[in-house]
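Next comes data29.txt, with compact mmCIF, C-alpha atoms.
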# COMPACT_ATOMS: atom_id res chain seq x y z
CA MET W 1 25.50 4.46 38.63
CA SER W 2 22.16 4.46 36.97
CA ASN W 3 19.90 1.46 36.65
CA VAL W 4 19.55 1.78 32.91
CA CYS W 5 20.01 -1.59 31.26
CA GLU W 6 22.32 -1.19 28.34
CA PHE W 7 22.25 -3.34 25.27
CA ASN W 8 25.52 -3.49 23.42
CA THR W 9 24.60 -2.97 19.80
CA VAL W 10 28.22 -3.41 18.73
CA PRO W 11 29.33 -6.67 20.35
CA ASP W 12 32.92 -7.84 20.28
CA GLY W 13 34.20 -10.56 18.04
CA ASN W 14 32.79 -9.32 14.74
CA PRO W 15 29.76 -11.64 14.50
CA GLN W 16 28.70 -12.64 11.03
CA VAL W 17 25.80 -10.76 9.48
CA GLU W 18 23.03 -12.85 7.96
CA SER W 19 20.30 -11.92 5.53
CA PRO W 20 16.67 -12.66 6.52
CA MET W 21 16.78 -15.44 3.93
CA ALA W 22 19.71 -17.32 5.48
CA TRP W 23 17.47 -19.78 7.31
CA SER W 24 15.38 -20.41 4.21
CA TYR W 25 18.39 -21.20 2.05
CA GLN W 26 19.49 -23.72 4.63
CA GLN W 27 16.07 -25.30 5.11
CA HIS W 28 14.90 -25.24 1.51
CA PRO W 29 17.84 -25.73 -0.83
CA ALA W 30 17.16 -24.57 -4.35
CA PRO W 31 15.52 -27.22 -6.48
CA ARG W 32 17.56 -28.29 -9.48
CA ALA W 33 16.23 -26.60 -12.59
CA ASN W 34 15.89 -29.13 -15.39
CA GLY W 35 17.33 -27.47 -18.45
CA GLN W 36 16.12 -23.92 -19.02
CA ALA W 37 14.89 -22.12 -15.93
CA GLY W 38 11.92 -19.84 -16.63
CA VAL W 39 12.40 -17.87 -13.44
CA VAL W 40 15.61 -16.51 -11.98
CA LEU W 41 15.38 -15.57 -8.31
CA ARG W 42 18.15 -13.57 -6.68
CA GLU W 43 18.46 -11.73 -3.42
CA LYS W 44 19.97 -8.29 -3.09
CA ALA W 45 21.04 -9.05 0.44
CA LEU W 46 21.97 -6.58 3.15
CA MET W 47 21.09 -3.37 1.37
CA GLY W 48 20.54 -0.16 3.32
CA HIS W 49 16.84 0.69 3.64
CA LEU W 50 15.72 4.07 4.93
CA VAL W 51 12.12 5.17 5.33
CA LEU W 52 11.79 8.95 4.99
CA ARG W 53 8.70 10.72 6.20
CA GLY W 54 7.89 14.39 6.03
CA GLY W 55 6.83 17.11 3.65
CA ALA W 56 7.68 16.51 0.01
CA ILE W 57 9.23 19.93 -0.61
CA VAL W 58 11.60 19.85 2.37
CA LEU W 59 12.61 16.25 1.75
CA ASP W 60 13.13 16.88 -1.96
CA GLU W 61 15.74 19.56 -1.26
CA ALA W 62 17.59 17.37 1.23
CA VAL W 63 17.52 14.32 -1.02
CA ARG W 64 18.81 16.28 -3.99
CA ALA W 65 21.63 17.71 -1.87
CA THR W 66 22.70 14.35 -0.41
CA LEU W 67 21.82 11.75 -3.04
CA GLY W 68 21.70 13.86 -6.19
CA MET W 69 18.28 12.46 -7.06
CA ASN W 70 14.82 13.97 -7.21
CA LEU W 71 12.22 12.80 -4.76
CA PRO W 72 9.51 11.10 -6.84
CA ALA W 73 6.41 13.20 -6.25
CA LYS W 74 4.04 11.14 -8.38
CA PRO W 75 2.18 8.30 -6.64
CA ASN W 76 3.74 4.85 -7.08
CA ALA W 77 6.85 6.26 -8.75
CA LEU W 78 10.29 4.71 -8.47
CA GLU W 79 13.51 6.52 -9.31
CA HIS W 80 17.04 5.24 -9.68
CA ASP W 81 20.31 7.12 -9.85
CA ASP W 82 22.57 6.79 -12.89
CA SER W 83 24.36 3.72 -11.56
CA GLY W 84 21.04 2.02 -10.79
CA GLU W 85 22.24 1.06 -7.32
CA ARG W 86 20.38 3.68 -5.32
CA SER W 87 16.66 4.14 -5.53
CA ILE W 88 13.86 6.19 -4.02
CA GLN W 89 10.28 5.00 -4.12
CA TRP W 90 7.02 6.77 -3.30
CA LEU W 91 5.17 4.81 -0.61
CA SER W 92 2.50 7.30 0.42
CA PRO W 93 2.01 11.08 0.13
CA ASP W 94 4.47 11.69 2.96
CA GLU W 95 6.58 8.55 2.93
CA TRP W 96 9.45 7.35 0.74
CA LEU W 97 11.64 4.26 0.72
CA VAL W 98 15.33 4.81 -0.03
CA ILE W 99 17.44 1.76 -0.82
CA VAL W 100 21.21 2.16 -1.07
CA PRO W 101 24.08 -0.34 -1.16
CA GLY W 102 24.74 -1.82 2.28
CA GLY W 103 27.03 0.26 4.48
CA GLU W 104 26.02 3.61 2.98
CA GLU W 105 22.85 3.98 5.03
CA PHE W 106 24.39 5.39 8.21
CA LYS W 107 26.38 8.01 6.33
CA LEU W 108 23.32 8.91 4.29
CA GLU W 109 21.09 9.11 7.34
CA ARG W 110 23.51 11.49 9.05
CA ALA W 111 23.81 13.61 5.91
CA LEU W 112 20.04 13.79 5.55
CA ARG W 113 19.58 14.74 9.21
CA GLU W 114 22.12 17.53 8.79
CA ALA W 115 20.48 18.75 5.60
CA LEU W 116 17.00 18.68 7.13
CA GLY W 117 17.99 20.44 10.33
CA ASP W 118 14.95 21.51 12.32
CA ALA W 119 12.38 20.51 9.73
CA HIS W 120 9.52 18.20 10.70
CA PHE W 121 10.62 14.79 9.46
CA SER W 122 11.43 11.23 10.42
CA ILE W 123 14.09 8.86 9.14
CA VAL W 124 13.92 5.21 10.11
CA ASN W 125 16.61 2.73 9.24
CA ALA W 126 14.68 -0.40 8.22
CA SER W 127 17.67 -2.28 6.81
CA GLY W 128 17.36 -5.19 9.21
CA GLY W 129 13.62 -5.44 8.77
CA GLN W 130 13.36 -6.18 5.09
CA THR W 131 15.24 -7.58 2.14
CA VAL W 132 15.06 -7.30 -1.64
CA LEU W 133 14.36 -10.25 -3.94
CA THR W 134 14.66 -9.89 -7.70
CA LEU W 135 12.74 -11.94 -10.21
CA SER W 136 13.71 -12.19 -13.85
CA GLY W 137 13.45 -14.71 -16.65
CA ALA W 138 10.86 -15.51 -19.27
CA ASN W 139 8.19 -16.59 -16.78
CA ALA W 140 8.77 -14.03 -14.02
CA ARG W 141 5.55 -12.21 -14.86
CA ASP W 142 3.57 -15.47 -14.88
CA VAL W 143 4.71 -16.14 -11.33
CA LEU W 144 3.62 -12.65 -10.27
CA MET W 145 0.24 -13.10 -11.96
CA LYS W 146 -0.34 -16.16 -9.82
CA SER W 147 0.73 -14.44 -6.65
CA THR W 148 -0.69 -10.95 -6.58
CA SER W 149 -4.03 -9.39 -7.44
CA TYR W 150 -2.28 -6.28 -8.76
CA ASP W 151 -2.23 -5.91 -12.55
CA VAL W 152 1.34 -6.64 -13.69
CA HIS W 153 0.65 -6.21 -17.41
CA PRO W 154 3.31 -3.91 -18.95
CA ASN W 155 0.57 -1.39 -19.80
CA ALA W 156 -0.48 -1.11 -16.17
CA PHE W 157 2.93 -1.65 -14.65
CA PRO W 158 5.61 0.20 -16.66
CA VAL W 159 9.28 0.39 -15.73
CA GLY W 160 9.74 2.93 -12.94
CA LYS W 161 6.65 1.97 -11.01
CA GLY W 162 6.47 0.48 -7.55
CA VAL W 163 3.45 -0.37 -5.42
CA THR W 164 2.75 -1.78 -2.00
CA THR W 165 0.30 -4.59 -2.48
CA VAL W 166 -0.83 -8.03 -1.46
CA PHE W 167 1.47 -10.86 -2.50
CA ALA W 168 0.30 -14.37 -1.68
CA LYS W 169 -1.12 -13.66 1.81
CA ALA W 170 1.67 -11.26 2.72
CA THR W 171 2.36 -7.61 1.99
CA VAL W 172 5.25 -6.72 -0.26
CA VAL W 173 6.54 -3.71 -2.12
CA LEU W 174 6.53 -4.74 -5.76
CA ARG W 175 8.64 -2.65 -8.13
CA ARG W 176 9.94 -2.72 -11.64
CA PRO W 177 13.42 -1.22 -12.01
CA SER W 178 13.95 -2.42 -15.61
CA GLU W 179 12.21 -4.23 -18.45
CA ALA W 180 13.55 -7.61 -17.46
CA HIS W 181 13.58 -7.35 -13.67
CA TRP W 182 11.02 -7.24 -10.91
CA GLU W 183 11.92 -6.46 -7.32
CA LEU W 184 10.09 -7.58 -4.20
CA VAL W 185 10.84 -5.82 -0.94
CA VAL W 186 9.72 -8.37 1.65
CA ARG W 187 9.57 -8.03 5.39
CA ARG W 188 11.95 -10.10 7.44
CA SER W 189 9.15 -12.03 9.15
CA PHE W 190 7.59 -12.90 5.78
CA ALA W 191 10.84 -13.61 3.94
CA ASP W 192 10.74 -17.37 4.41
CA TYR W 193 7.07 -17.56 3.49
CA CYS W 194 7.56 -15.48 0.33
CA TYR W 195 10.63 -17.47 -0.65
CA ARG W 196 8.84 -20.78 -0.30
CA TRP W 197 5.81 -19.40 -2.12
CA LEU W 198 8.08 -18.33 -4.99
CA LEU W 199 9.76 -21.73 -5.13
CA ASP W 200 6.34 -23.35 -5.25
CA ALA W 201 4.82 -20.97 -7.79
CA SER W 202 7.90 -21.19 -10.04
CA ALA W 203 8.16 -24.97 -9.91
CA GLU W 204 6.26 -25.49 -13.17
CA TYR W 205 8.58 -23.13 -15.08
CA GLY W 206 11.82 -24.21 -13.44
CA ILE W 207 13.54 -21.87 -11.01
CA ASP W 208 17.14 -20.83 -10.71
CA THR W 209 18.22 -19.53 -7.29
CA GLN W 210 21.73 -18.76 -6.20
CA MET D 1 -12.51 -8.56 -8.63
CA PHE D 2 -13.76 -5.42 -6.93
CA TYR D 3 -11.76 -2.24 -7.25
CA ILE D 4 -11.78 0.85 -5.06
CA PHE D 5 -10.19 4.12 -6.13
CA CYS D 6 -7.62 5.33 -3.59
CA PRO D 7 -7.50 9.15 -3.72
CA TYR D 8 -3.89 9.13 -2.48
CA CYS D 9 -2.46 6.40 -4.73
CA LYS D 10 -4.59 7.87 -7.52
CA GLU D 11 -5.53 4.49 -8.93
CA HIS D 12 -7.96 1.64 -8.48
CA ARG D 13 -6.83 -1.08 -6.12
CA GLU D 14 -8.20 -4.47 -5.19
CA GLU D 15 -10.71 -4.41 -2.35
CA GLU D 16 -8.66 -6.72 -0.12
CA GLU D 17 -6.14 -3.89 0.32
CA PHE D 18 -8.77 -1.80 2.14
CA HIS D 19 -10.60 -1.84 5.44
CA ALA D 20 -13.77 -0.01 6.40
CA ARG D 21 -13.53 2.12 9.54
CA GLY D 22 -17.08 3.32 10.11
CA GLN D 23 -18.96 6.55 9.69
CA ALA D 24 -17.08 9.57 8.36
CA HIS D 25 -17.23 13.24 9.33
CA LEU D 26 -17.64 12.67 13.07
CA MET D 27 -16.85 15.93 14.84
CA ARG D 28 -15.50 15.79 18.36
CA PRO D 29 -17.43 18.28 20.51
CA SER D 30 -15.31 21.42 20.59
CA ASP D 31 -15.73 21.96 24.32
CA PRO D 32 -15.84 18.52 26.01
CA ASP D 33 -15.99 19.99 29.55
CA ASN D 34 -19.29 21.71 28.84
CA THR D 35 -20.84 18.99 26.70
CA SER D 36 -23.94 17.21 27.95
CA ASP D 37 -23.81 13.46 28.53
CA GLU D 38 -26.25 12.98 25.70
CA GLU D 39 -24.13 14.85 23.17
CA TRP D 40 -20.99 13.09 24.34
CA GLY D 41 -22.72 9.70 24.16
CA ASP D 42 -23.93 10.48 20.65
CA TYR D 43 -20.41 11.37 19.62
CA LEU D 44 -18.86 8.26 21.17
CA PHE D 45 -21.40 5.52 20.56
CA PHE D 46 -24.24 6.37 18.20
CA ARG D 47 -23.81 5.99 14.48
CA ASN D 48 -26.07 6.52 11.50
CA ASN D 49 -27.30 3.46 9.69
CA PRO D 50 -29.09 4.89 6.67
CA ARG D 51 -30.61 3.04 3.79
CA GLY D 52 -29.09 4.72 0.76
CA ILE D 53 -26.27 7.25 0.75
CA HIS D 54 -23.72 6.84 3.52
CA HIS D 55 -20.35 8.53 4.03
CA GLU D 56 -17.76 6.17 5.42
CA MET D 57 -14.15 6.27 6.43
CA TRP D 58 -11.90 3.63 4.86
CA VAL D 59 -8.21 2.95 5.13
CA HIS D 60 -5.89 1.71 2.40
CA SER D 61 -4.19 -0.57 4.89
CA VAL D 62 -2.07 -2.53 2.40
CA GLY D 63 -0.77 0.34 0.33
CA CYS D 64 -0.32 3.94 1.32
CA ARG D 65 -1.95 3.31 4.73
CA LYS D 66 -3.90 6.56 4.49
CA PHE D 67 -7.48 7.11 5.63
CA PHE D 68 -9.97 8.50 3.15
CA ASN D 69 -13.74 8.77 2.72
CA ILE D 70 -16.17 6.87 0.55
CA THR D 71 -19.72 7.83 -0.36
CA ARG D 72 -21.51 4.53 -0.69
CA ASN D 73 -25.04 3.41 -1.31
CA THR D 74 -25.90 0.91 1.41
CA ALA D 75 -28.78 -0.53 -0.61
CA THR D 76 -26.87 -1.29 -3.81
CA TYR D 77 -23.31 -1.31 -2.36
CA GLU D 78 -22.37 1.07 -5.13
CA ILE D 79 -19.42 3.34 -4.35
CA LEU D 80 -20.32 6.76 -5.71
CA GLU D 81 -17.11 8.62 -4.94
CA THR D 82 -13.95 8.53 -2.86
CA TYR D 83 -12.31 11.67 -1.52
CA PRO D 84 -9.38 12.49 0.78
CA MET D 85 -9.67 13.32 4.46
CA GLY D 86 -10.67 16.90 5.20
CA GLU D 87 -12.79 17.27 2.08
CA GLN D 88 -16.55 17.36 1.83
CA PRO D 89 -18.53 14.91 -0.33
CA THR D 90 -19.90 16.15 -3.64
CA ILE D 91 -22.68 13.56 -3.56
CA THR D 92 -24.99 13.50 -0.55
CA ALA D 93 -28.46 12.18 0.19
CA ALA D 94 -29.71 15.68 -0.64
CA THR D 95 -28.22 15.69 -4.16
CA PRO D 96 -31.16 16.09 -6.61
CA ASP D 97 -30.14 13.12 -8.78
CA VAL D 98 -29.91 10.87 -5.74
CA ARG D 99 -33.31 11.99 -4.42
CA HIS D 100 -34.80 11.36 -7.80
CA GLU D 101 -33.26 7.90 -8.00
CA GLN D 102 -34.40 6.98 -4.53
CA GLY D 103 -37.93 8.13 -5.30
CA VAL D 104 -38.22 5.73 -8.23
CA GLN D 105 -40.12 2.63 -7.26
CA VAL D 106 -40.77 -0.07 -9.83
CA ALA D 107 -42.33 -3.21 -8.45
CA ASP D 108 -42.25 -5.59 -11.40
CA GLY D 109 -39.22 -7.14 -13.06
CA GLY D 110 -37.62 -7.85 -9.70
CA TRP D 111 -35.20 -4.93 -9.93
CA GLN D 112 -34.01 -3.25 -6.77
CA THR D 113 -34.46 0.39 -7.67
CA VAL D 114 -33.78 2.34 -4.50
CA GLY D 115 -30.67 4.30 -5.39
CA ALA D 116 -30.12 2.09 -8.41
CA ARG D 117 -27.67 3.15 -11.08
CA SER D 118 -29.01 5.00 -14.06
CA GLU D 119 -28.10 2.22 -16.48
CA ASN D 120 -30.31 -0.09 -14.44
CA LYS D 121 -33.24 2.23 -15.05
CA ALA D 122 -33.14 1.36 -18.73
CA LEU D 123 -33.29 -2.30 -17.77
CA ASN D 124 -36.27 -1.56 -15.57
CA GLU D 125 -38.13 0.12 -18.38
CA GLU D 126 -37.38 -2.83 -20.66
CA ALA D 127 -38.58 -5.29 -18.06
CA SER D 128 -41.81 -3.42 -17.34
CA SER D 129 -42.81 -2.76 -20.98

Please re-express this file's structure in structure tokens.
Amino acid sequence: MSNVCEFNTVPDGNPQVESPMAWSYQQHPAPRANGQAGVVLREKALMGHLVLRGGAIVLDEAVRATLGMNLPAKPNALEHDDSGERSIQWLSPDEWLVIVPGGEEFKLERALREALGDAHFSIVNASGGQTVLTLSGANARDVLMKSTSYDVHPNAFPVGKGVTTVFAKATVVLRRPSEAHWELVVRRSFADYCYRWLLDASAEYGIDTQ
Amino acid sequence: MFYIFCPYCKEHREEEEFHARGQAHLMRPSDPDNTSDEEWGDYLFFRNNPRGIHHEMWVHSVGCRKFFNITRNTATYEILETYPMGEQPTITAATPDVRHEQGVQVADGGWQTVGARSENKALNEEASS
């Protein structure tokens, strides 16, 4: 017998999975929007997040073979597949964030590892570490303007762009998948803070949460 | 608002996303075993503190998290260029324009002229005439 302490990552009894926002929803129930809500806040909970690192050319081949999408080579680019459910975002010259519907990430990770073989790369499953919030509604951009120093004017922030920037006093990945929607990828430890900040910043426009 | 151009993100970003990390282009002695204490001490502890052009290492810590270099004027705080790691600066203290600028001394008008930008020179001439 070895002395290695083992941690059972698959415990019995099928415990319930919770999004990083679960505590916040319980502690800070959504305020009632009076009439028309200017901001609609939703969570895309429990998605599969993978952080790919490595050379662009090698990763591009593997990603095209497994996901059928091109790896965005341009800085701050964001690409979606035809269904709009899977996305790849440029994070830095050798780092990309892949978000897929929850449950697909393990299969995808294995497929990518097989496709990449002996290449120099790293794949980290960050699904438990972050979550995706979406903002929409007539005043969504006003809320962002109050919260981040990054220029969110449509001229500077077209659809298909995503940046890592300062949001309130936290760091988020801010991205724009469509005309009407903004996505915030927030870290688990900052999820409650960002959620409460958004409730506060949206209060004057009226906010609609689930 | 104060923007710095990140050579990896290829766009200007707010200054709060960056951190300064000291003097750039420090070369580790190639043969540490046969390096004198003085050389090794210089490499580890002693840094330049020039008045005027300085090459610094910065990191885009909220963003792409890459290190890059900035050529900055320590007298005017003006950032003259940013360039990726592994590249050499195009503007140095020996660049003719920079030498010329730093040689200009105008006492009246209250303008700081050491390494001042060229558009400030016009202001200087206005103020002194």

Taking all atoms listed in the file into account, what are the residues of chain W at most 9 Å from chain D, put as a PDB file with C-alpha atoms, keeping the file's coordinate frame?
ATOM      1  CA  LYS W  74       4.040  11.140  -8.380  1.00  0.00           C
ATOM      2  CA  PRO W  75       2.180   8.300  -6.640  1.00  0.00           C
ATOM      3  CA  ASN W  76       3.740   4.850  -7.080  1.00  0.00           C
ATOM      4  CA  LEU W  91       5.170   4.810  -0.610  1.00  0.00           C
ATOM      5  CA  SER W  92       2.500   7.300   0.420  1.00  0.00           C
ATOM      6  CA  PRO W  93       2.010  11.080   0.130  1.00  0.00           C
ATOM      7  CA  GLU W  95       6.580   8.550   2.930  1.00  0.00           C
ATOM      8  CA  SER W 149      -4.030  -9.390  -7.440  1.00  0.00           C
ATOM      9  CA  TYR W 150      -2.280  -6.280  -8.760  1.00  0.00           C
ATOM     10  CA  VAL W 163       3.450  -0.370  -5.420  1.00  0.00           C
ATOM     11  CA  THR W 164       2.750  -1.780  -2.000  1.00  0.00           C
ATOM     12  CA  THR W 165       0.300  -4.590  -2.480  1.00  0.00           C
ATOM     13  CA  VAL W 166      -0.830  -8.030  -1.460  1.00  0.00           C
ATOM     14  CA  THR W 171       2.360  -7.610   1.990  1.00  0.00           C
ATOM     15  CA  VAL W 172       5.250  -6.720  -0.260  1.00  0.00           C
ATOM     16  CA  VAL W 173       6.540  -3.710  -2.120  1.00  0.00           C
TER      17      VAL W 173
END

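Neighbours of Gln88 (chain D) closer than or equal to 12 Å, with only C-alpha atoms counted and sequence neighbours fewer than 4 positions away skipped, come out as D:Ala24, D:His25, D:His55, D:Glu56, D:Phe68, D:Asn69, D:Ile70, D:Thr71, D:Glu81, D:Thr82, D:Tyr83, D:Pro84, D:Thr92.
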
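Pairwise distance (CA of Gly117 (chain W), CA of Gly129 (chain W)) equals 26.3 Å.
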
Surrounding residues of region 198-200 of chain W excluding itself and chain neighbours under 3 positions, 8 Å, only C-alpha atoms, as a PyMOL selection string: chain W and resi 30+143+194-195+203+207

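Across the structure, CA of Ala73 (chain W) and CA of Val51 (chain W) are spaced 15.2 Å apart.
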
So how many Å separate CA of Arg42 (chain W) and CA of Thr134 (chain W), to one decimal? 5.2 Å

Considering only C-alpha atoms, return as a PDB file with C-alpha atoms, in the coordinates of the input whatever protein or nucleic-acid residues lie within 7 Å of region 43-54 of chain D, sequence-local ones (same chain, fewer than 2 positions apart) excluded.
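File selection-v6.pdb, as written:
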ATOM      1  CA  GLN D  23     -18.960   6.550   9.690  1.00  0.00           C
ATOM      2  CA  ARG D  28     -15.500  15.790  18.360  1.00  0.00           C
ATOM      3  CA  GLU D  39     -24.130  14.850  23.170  1.00  0.00           C
ATOM      4  CA  TRP D  40     -20.990  13.090  24.340  1.00  0.00           C
ATOM      5  CA  GLY D  41     -22.720   9.700  24.160  1.00  0.00           C
ATOM      6  CA  GLU D  56     -17.760   6.170   5.420  1.00  0.00           C
ATOM      7  CA  THR D  71     -19.720   7.830  -0.360  1.00  0.00           C
ATOM      8  CA  ARG D  72     -21.510   4.530  -0.690  1.00  0.00           C
ATOM      9  CA  ASN D  73     -25.040   3.410  -1.310  1.00  0.00           C
ATOM     10  CA  THR D  74     -25.900   0.910   1.410  1.00  0.00           C
ATOM     11  CA  ALA D  75     -28.780  -0.530  -0.610  1.00  0.00           C
ATOM     12  CA  THR D  92     -24.990  13.500  -0.550  1.00  0.00           C
ATOM     13  CA  ALA D  93     -28.460  12.180   0.190  1.00  0.00           C
ATOM     14  CA  GLY D 115     -30.670   4.300  -5.390  1.00  0.00           C
TER      15      GLY D 115
END

Nearest to Leu135 (chain W), chosen from W:Asn155, W:Ser122, W:Thr209, W:Asn8, with only C-alpha atoms counted in the distances: W:Thr209

Using all atoms listed in the file, can you tell me which of W:Asp118, W:Glu43, W:Glu18, W:Glu179 comes closest to Val58 (chain W)? W:Asp118

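With only C-alpha atoms as the atoms that count, the residue of W:Lys146, W:His49, W:His28, W:Arg176 with the shortest distance to Leu108 (chain W) is W:His49.
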